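Enquirer: Below is the file coords04.txt, which contains compact mmCIF, C-alpha atoms.
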```txt
# COMPACT_ATOMS: atom_id res chain seq x y z
CA MET V 292 -8.79 9.30 6.68
CA SER V 293 -8.69 12.43 4.57
CA PRO V 294 -11.62 13.40 2.33
CA GLU V 295 -9.24 13.27 -0.67
CA ILE V 296 -8.40 9.62 -0.01
CA LEU V 297 -12.05 8.73 0.50
CA PHE V 298 -12.89 10.45 -2.80
CA PHE V 299 -10.03 8.60 -4.55
CA PHE V 300 -11.50 5.27 -3.38
CA ASP V 301 -15.12 6.26 -4.05
CA LYS V 302 -15.61 3.65 -6.79
CA HIS V 303 -13.19 1.16 -5.19
CA LEU V 304 -14.27 1.23 -1.54
CA PRO V 305 -13.55 -2.49 -0.90
CA ALA V 306 -9.87 -1.79 -1.74
CA LEU V 307 -9.58 0.96 0.89
CA PRO V 308 -8.41 -1.40 3.69
CA LEU V 309 -5.56 -2.54 1.42
CA TYR V 310 -4.50 1.06 0.95
CA GLU V 311 -4.76 1.79 4.67
CA ALA V 312 -2.51 -1.17 5.48
CA PHE V 313 -0.02 -0.15 2.78
CA GLU V 314 0.04 3.49 3.86
CA ALA V 315 0.65 2.49 7.50
CA LYS V 316 3.59 0.25 6.47
CA VAL V 317 5.12 2.97 4.29
CA LEU V 318 4.81 5.69 6.93
CA GLU V 319 6.35 3.39 9.53
CA ALA V 320 9.17 2.19 7.25
CA VAL V 321 10.07 5.59 5.76
CA PRO V 322 9.70 8.39 8.32
CA GLY V 323 9.08 11.84 6.88
CA THR V 324 7.16 10.54 3.87
CA ASP V 325 4.78 12.96 2.20
CA VAL V 326 1.50 11.61 0.80
CA LYS V 327 -0.15 13.41 -2.12
CA VAL V 328 -3.52 12.36 -3.51
CA GLN V 329 -3.92 13.04 -7.21
CA LYS V 330 -6.65 12.19 -9.68
CA THR V 331 -5.23 8.83 -10.80
CA GLN V 332 -2.73 7.92 -8.09
CA ILE V 333 -1.54 8.51 -4.56
CA THR V 334 2.13 9.42 -4.39
CA PHE V 335 4.48 8.68 -1.50
CA SER V 336 7.57 10.87 -1.66
CA ASN V 337 10.65 12.13 0.11
CA ARG V 338 12.53 14.43 -2.25
CA HIS V 339 10.92 12.55 -5.16
CA GLY V 340 8.12 10.03 -5.56
CA PHE V 341 9.15 6.50 -4.67
CA ALA V 342 5.88 4.58 -4.30
CA PHE V 343 2.55 5.07 -5.99
CA VAL V 344 -0.89 3.54 -5.45
CA SER V 345 -3.36 3.36 -8.30
CA PHE V 346 -5.85 1.04 -9.95
CA LEU V 347 -3.63 0.44 -12.96
CA PRO V 348 -4.70 -2.88 -14.48
CA ALA V 349 -1.22 -4.43 -14.38
CA ARG V 350 -2.65 -7.89 -15.03
CA ARG V 351 -4.98 -9.23 -17.70
CA ALA V 352 -8.64 -8.85 -16.71
CA LYS V 353 -9.26 -12.57 -16.38
CA ASP V 354 -6.32 -12.84 -13.91
CA ARG V 355 -7.23 -9.80 -11.80
CA PRO V 356 -9.01 -10.18 -8.47
CA GLU V 357 -12.20 -8.23 -7.93
CA HIS V 358 -10.62 -5.80 -5.44
CA TYR V 359 -6.99 -4.67 -5.53
CA ILE V 360 -4.57 -1.78 -5.52
CA THR V 361 -1.57 -1.47 -7.79
CA VAL V 362 1.66 -0.44 -6.08
CA THR V 363 4.31 1.04 -8.34
CA LEU V 364 7.92 1.32 -7.20
CA GLY V 365 10.95 2.89 -8.86
CA LEU V 366 14.26 1.10 -8.31
CA ASN V 367 17.76 1.12 -9.78
CA ARG V 368 17.46 -2.58 -10.63
CA ARG V 369 14.91 -5.02 -11.96
CA LEU V 370 13.24 -7.06 -9.23
CA ASP V 371 13.43 -10.78 -9.86
CA SER V 372 10.15 -11.81 -8.28
CA LEU V 373 6.95 -13.49 -9.38
CA ARG V 374 5.12 -10.79 -7.38
CA VAL V 375 5.99 -8.20 -10.03
CA ASP V 376 3.22 -8.00 -12.62
CA LYS V 377 5.02 -5.64 -14.98
CA ALA V 378 8.51 -4.14 -15.06
CA SER V 379 10.01 -1.67 -17.50
CA GLU V 380 13.18 0.37 -17.77
CA PRO V 381 11.99 3.83 -18.92
CA TYR V 382 15.59 5.03 -18.93
CA PRO V 383 18.92 3.40 -18.11
CA GLY V 384 19.33 2.55 -14.45
CA ARG V 385 15.70 3.16 -13.49
CA TRP V 386 13.21 0.32 -13.31
CA THR V 387 9.48 0.79 -12.76
CA HIS V 388 7.68 -2.16 -11.16
CA HIS V 389 3.93 -2.67 -10.86
CA LEU V 390 2.65 -5.06 -8.20
CA LEU V 391 -1.01 -5.90 -7.88
CA ILE V 392 -1.95 -6.20 -4.18
CA ALA V 393 -5.18 -8.07 -3.39
CA SER V 394 -4.74 -9.04 0.28
CA ARG V 395 -3.25 -7.62 3.45
CA GLU V 396 -0.91 -10.61 3.62
CA GLU V 397 0.84 -9.30 0.50
CA ILE V 398 1.79 -6.13 2.41
CA ASP V 399 4.63 -7.95 4.07
CA GLU V 400 8.31 -7.47 4.94
CA GLU V 401 9.46 -8.24 1.40
CA LEU V 402 7.25 -5.46 -0.02
CA THR V 403 8.29 -3.13 2.81
CA ALA V 404 11.98 -3.77 2.02
CA TRP V 405 11.35 -2.85 -1.62
CA VAL V 406 9.58 0.33 -0.49
CA ARG V 407 12.60 1.27 1.66
CA GLU V 408 14.89 0.57 -1.29
CA ALA V 409 12.74 2.73 -3.58
CA ALA V 410 12.74 5.56 -1.01
CA ALA V 411 16.54 5.43 -0.75
CA PHE V 412 16.84 5.43 -4.54
CA ALA V 413 14.51 8.43 -4.85
CA ALA V 414 16.38 10.32 -2.12
CA GLU V 415 19.64 9.94 -4.08
CA LYS V 416 18.27 11.57 -7.24
CA ARG V 417 19.22 15.16 -7.94
```
Once more with this new file: its structure as structure tokens, please.
Expert:
Amino acid sequence: MSPEILFFFDKHLPALPLYEAFEAKVLEAVPGTDVKVQKTQITFSNRHGFAFVSFLPARRAKDRPEHYITVTLGLNRRLDSLRVDKASEPYPGRWTHHLLIASREEIDEELTAWVREAAAFAAEKR
């Protein structure tokens, strides 16, 4: 674990195992992925960012679990899933989805498929 990632999770240490499980899935599913730790998010990219981890409060406070990560994915379509906490179309043909992840069980094949789809979408951008 890099010092940058440990610093990023400094105030959210109980959520670190969620991130570790997500990162492992992404790196396995999308070979050649770059990981960049920034002040407010961790970006997974190929040519462009396709998945992001943050602590964005994508759910009302009373509905949020104590420990979580927010995974943000960019796709060319709106996901029709109850797992999506927020979705927006910042410009035509690009949908941003925020998913609050509170357990390792949520880092499953469905999420991994969406990550692969987001990576393919990002790789197509010019």
Enquirer: I'd like the interatomic distance between atom CA of V:Pro308 and atom CA of V:Leu402, to a tenth of an Å.
Expert: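 Value for the atom CA of V:Pro308-atom CA of V:Leu402 distance: 16.6 Å.
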Enquirer: Which of these residues is nearest to V:Arg368, using only C-alpha atoms: V:Asp354, V:Trp386, V:Ala320, V:Glu380?
Expert: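 Using only C-alpha atoms, the shortest distance to V:Arg368 belongs to V:Trp386.
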Enquirer: Do a neighbour search on V:Arg369 at 9 Å with all atoms listed in the file, toss out local chain neighbours closer than 3 positions, and write the hits as a list in words.
Expert: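 The neighbour list is Leu366, Ala378, Ser379, Glu380, Arg385, Trp386, Thr387 and His388 of chain V.
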Enquirer: Select, from V:Phe313, V:Gly340, V:Lys302, V:Leu297, the residue with the minimum atom-to-atom distance to V:Glu400, counting all atoms listed in the file.
Expert: V:Phe313
Enquirer: Counting only C-alpha atoms, what is within 10 Å of V:Phe343, bar same-chain residues fewer than 6 positions away, as a JSON list (two decimals) with C-alpha atoms, keeping the file's coordinate frame?
Expert:
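Saved result, selection.json, follows:
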```json
[["chain", "number", "residue", "atom", "x", "y", "z"],
["V", 326, "VAL", "CA", 1.50, 11.61, 0.80],
["V", 327, "LYS", "CA", -0.15, 13.41, -2.12],
["V", 328, "VAL", "CA", -3.52, 12.36, -3.51],
["V", 331, "THR", "CA", -5.23, 8.83, -10.80],
["V", 332, "GLN", "CA", -2.73, 7.92, -8.09],
["V", 333, "ILE", "CA", -1.54, 8.51, -4.56],
["V", 334, "THR", "CA", 2.13, 9.42, -4.39],
["V", 335, "PHE", "CA", 4.48, 8.68, -1.50],
["V", 336, "SER", "CA", 7.57, 10.87, -1.66],
["V", 360, "ILE", "CA", -4.57, -1.78, -5.52],
["V", 361, "THR", "CA", -1.57, -1.47, -7.79],
["V", 362, "VAL", "CA", 1.66, -0.44, -6.08],
["V", 363, "THR", "CA", 4.31, 1.04, -8.34],
["V", 364, "LEU", "CA", 7.92, 1.32, -7.20],
["V", 365, "GLY", "CA", 10.95, 2.89, -8.86],
["V", 389, "HIS", "CA", 3.93, -2.67, -10.86]]
```
Enquirer: Record the distance separating atom CA of V:Asn337 and atom CA of V:Leu391, expressed in Å with one decimal.
Expert: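 The value is 22.9 Å.
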Enquirer: Using all atoms listed in the file and a cutoff of 10 Å, can you tell me which residues are near (-10.0, -10.6, -6.0) in the file's coordinates, and write them out as a list in words?
Expert: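 Applying the cut-off with all atoms listed in the file, one gets Ala306, Asp354, Arg355, Pro356, Glu357, His358, Tyr359, Ile392, Ala393 and Ser394 of chain V.
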Enquirer: I'd like to know which of V:Tyr382, V:Asp376, V:Phe300, V:Glu311 is closest to V:Arg351, using all atoms listed in the file.
Expert: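 Checking each candidate against V:Arg351, we get V:Asp376 as the closest.
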Enquirer: Just give me the gap between atom CA of V:Pro305 and atom CA of V:Phe341 in Å, one decimal is fine.
Expert: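 For atom CA of V:Pro305 relative to atom CA of V:Phe341, the distance reads 24.7 Å.
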Enquirer: Of the residues V:Ile296, V:Ala413, V:Ala352, V:Leu309, which is the one nearest to V:His339, using only C-alpha atoms?
Expert: V:Ala413
Enquirer: From the list V:Val375, V:Ala410, V:Ala349, V:Ile398, which residue is nearest V:Glu314 when using only C-alpha atoms?
Expert: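 Result for the nearest residue to V:Glu314: V:Ile398.
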Enquirer: Counting all atoms listed in the file, figure out which residue out of V:Ala312, V:Val317, V:Ser293, V:Phe299 gets nearest to V:Arg395.
Expert: V:Ala312
Enquirer: Supply stretch 353-377 of chain V as a JSON list (two decimals), in the frame of the given file, with N, CA and C atoms built in where the input has gaps.
Expert:
```json
[["chain", "number", "residue", "atom", "x", "y", "z"],
["V", 353, "LYS", "N", -8.84, -11.25, -16.87],
["V", 353, "LYS", "CA", -9.26, -12.57, -16.38],
["V", 353, "LYS", "C", -8.42, -13.03, -15.19],
["V", 354, "ASP", "N", -7.23, -12.45, -15.01],
["V", 354, "ASP", "CA", -6.32, -12.84, -13.91],
["V", 354, "ASP", "C", -6.36, -11.87, -12.73],
["V", 355, "ARG", "N", -7.15, -10.80, -12.86],
["V", 355, "ARG", "CA", -7.23, -9.80, -11.80],
["V", 355, "ARG", "C", -8.28, -10.18, -10.77],
["V", 356, "PRO", "N", -7.97, -9.98, -9.48],
["V", 356, "PRO", "CA", -9.01, -10.18, -8.47],
["V", 356, "PRO", "C", -10.03, -9.05, -8.55],
["V", 357, "GLU", "N", -11.13, -9.23, -7.88],
["V", 357, "GLU", "CA", -12.20, -8.23, -7.93],
["V", 357, "GLU", "C", -11.76, -6.91, -7.30],
["V", 358, "HIS", "N", -11.06, -6.99, -6.16],
["V", 358, "HIS", "CA", -10.62, -5.80, -5.44],
["V", 358, "HIS", "C", -9.11, -5.83, -5.26],
["V", 359, "TYR", "N", -8.46, -4.73, -5.61],
["V", 359, "TYR", "CA", -6.99, -4.67, -5.53],
["V", 359, "TYR", "C", -6.54, -3.22, -5.57],
["V", 360, "ILE", "N", -5.27, -3.03, -5.23],
["V", 360, "ILE", "CA", -4.57, -1.78, -5.52],
["V", 360, "ILE", "C", -3.32, -2.17, -6.30],
["V", 361, "THR", "N", -2.84, -1.26, -7.11],
["V", 361, "THR", "CA", -1.57, -1.47, -7.79],
["V", 361, "THR", "C", -0.54, -0.57, -7.13],
["V", 362, "VAL", "N", 0.55, -1.18, -6.67],
["V", 362, "VAL", "CA", 1.66, -0.44, -6.08],
["V", 362, "VAL", "C", 2.76, -0.38, -7.13],
["V", 363, "THR", "N", 3.24, 0.83, -7.38],
["V", 363, "THR", "CA", 4.31, 1.04, -8.34],
["V", 363, "THR", "C", 5.53, 1.56, -7.59],
["V", 364, "LEU", "N", 6.67, 0.94, -7.86],
["V", 364, "LEU", "CA", 7.92, 1.32, -7.20],
["V", 364, "LEU", "C", 8.98, 1.60, -8.26],
["V", 365, "GLY", "N", 9.82, 2.59, -8.00],
["V", 365, "GLY", "CA", 10.95, 2.89, -8.86],
["V", 365, "GLY", "C", 12.24, 2.46, -8.19],
["V", 366, "LEU", "N", 13.01, 1.60, -8.87],
["V", 366, "LEU", "CA", 14.26, 1.10, -8.31],
["V", 366, "LEU", "C", 15.39, 1.22, -9.33],
["V", 367, "ASN", "N", 16.62, 1.05, -8.87],
["V", 367, "ASN", "CA", 17.76, 1.12, -9.78],
["V", 367, "ASN", "C", 18.10, -0.25, -10.36],
["V", 368, "ARG", "N", 17.25, -1.23, -10.11],
["V", 368, "ARG", "CA", 17.46, -2.58, -10.63],
["V", 368, "ARG", "C", 16.10, -3.22, -10.90],
["V", 369, "ARG", "N", 16.14, -4.26, -11.70],
["V", 369, "ARG", "CA", 14.91, -5.02, -11.96],
["V", 369, "ARG", "C", 14.73, -6.05, -10.85],
["V", 370, "LEU", "N", 13.55, -6.06, -10.24],
["V", 370, "LEU", "CA", 13.24, -7.06, -9.23],
["V", 370, "LEU", "C", 13.01, -8.41, -9.90],
["V", 371, "ASP", "N", 13.62, -9.43, -9.35],
["V", 371, "ASP", "CA", 13.43, -10.78, -9.86],
["V", 371, "ASP", "C", 12.46, -11.49, -8.92],
["V", 372, "SER", "N", 11.16, -11.26, -9.14],
["V", 372, "SER", "CA", 10.15, -11.81, -8.28],
["V", 372, "SER", "C", 8.87, -12.07, -9.07],
["V", 373, "LEU", "N", 8.23, -13.17, -8.75],
["V", 373, "LEU", "CA", 6.95, -13.49, -9.38],
["V", 373, "LEU", "C", 5.85, -12.52, -8.94],
["V", 374, "ARG", "N", 6.11, -11.76, -7.87],
["V", 374, "ARG", "CA", 5.12, -10.79, -7.38],
["V", 374, "ARG", "C", 5.00, -9.58, -8.29],
["V", 375, "VAL", "N", 5.99, -9.35, -9.12],
["V", 375, "VAL", "CA", 5.99, -8.20, -10.03],
["V", 375, "VAL", "C", 5.15, -8.54, -11.25],
["V", 376, "ASP", "N", 4.09, -7.77, -11.48],
["V", 376, "ASP", "CA", 3.22, -8.00, -12.62],
["V", 376, "ASP", "C", 3.79, -7.43, -13.91],
["V", 377, "LYS", "N", 4.41, -6.27, -13.81],
["V", 377, "LYS", "CA", 5.02, -5.64, -14.98],
["V", 377, "LYS", "C", 6.26, -4.88, -14.51]]
```
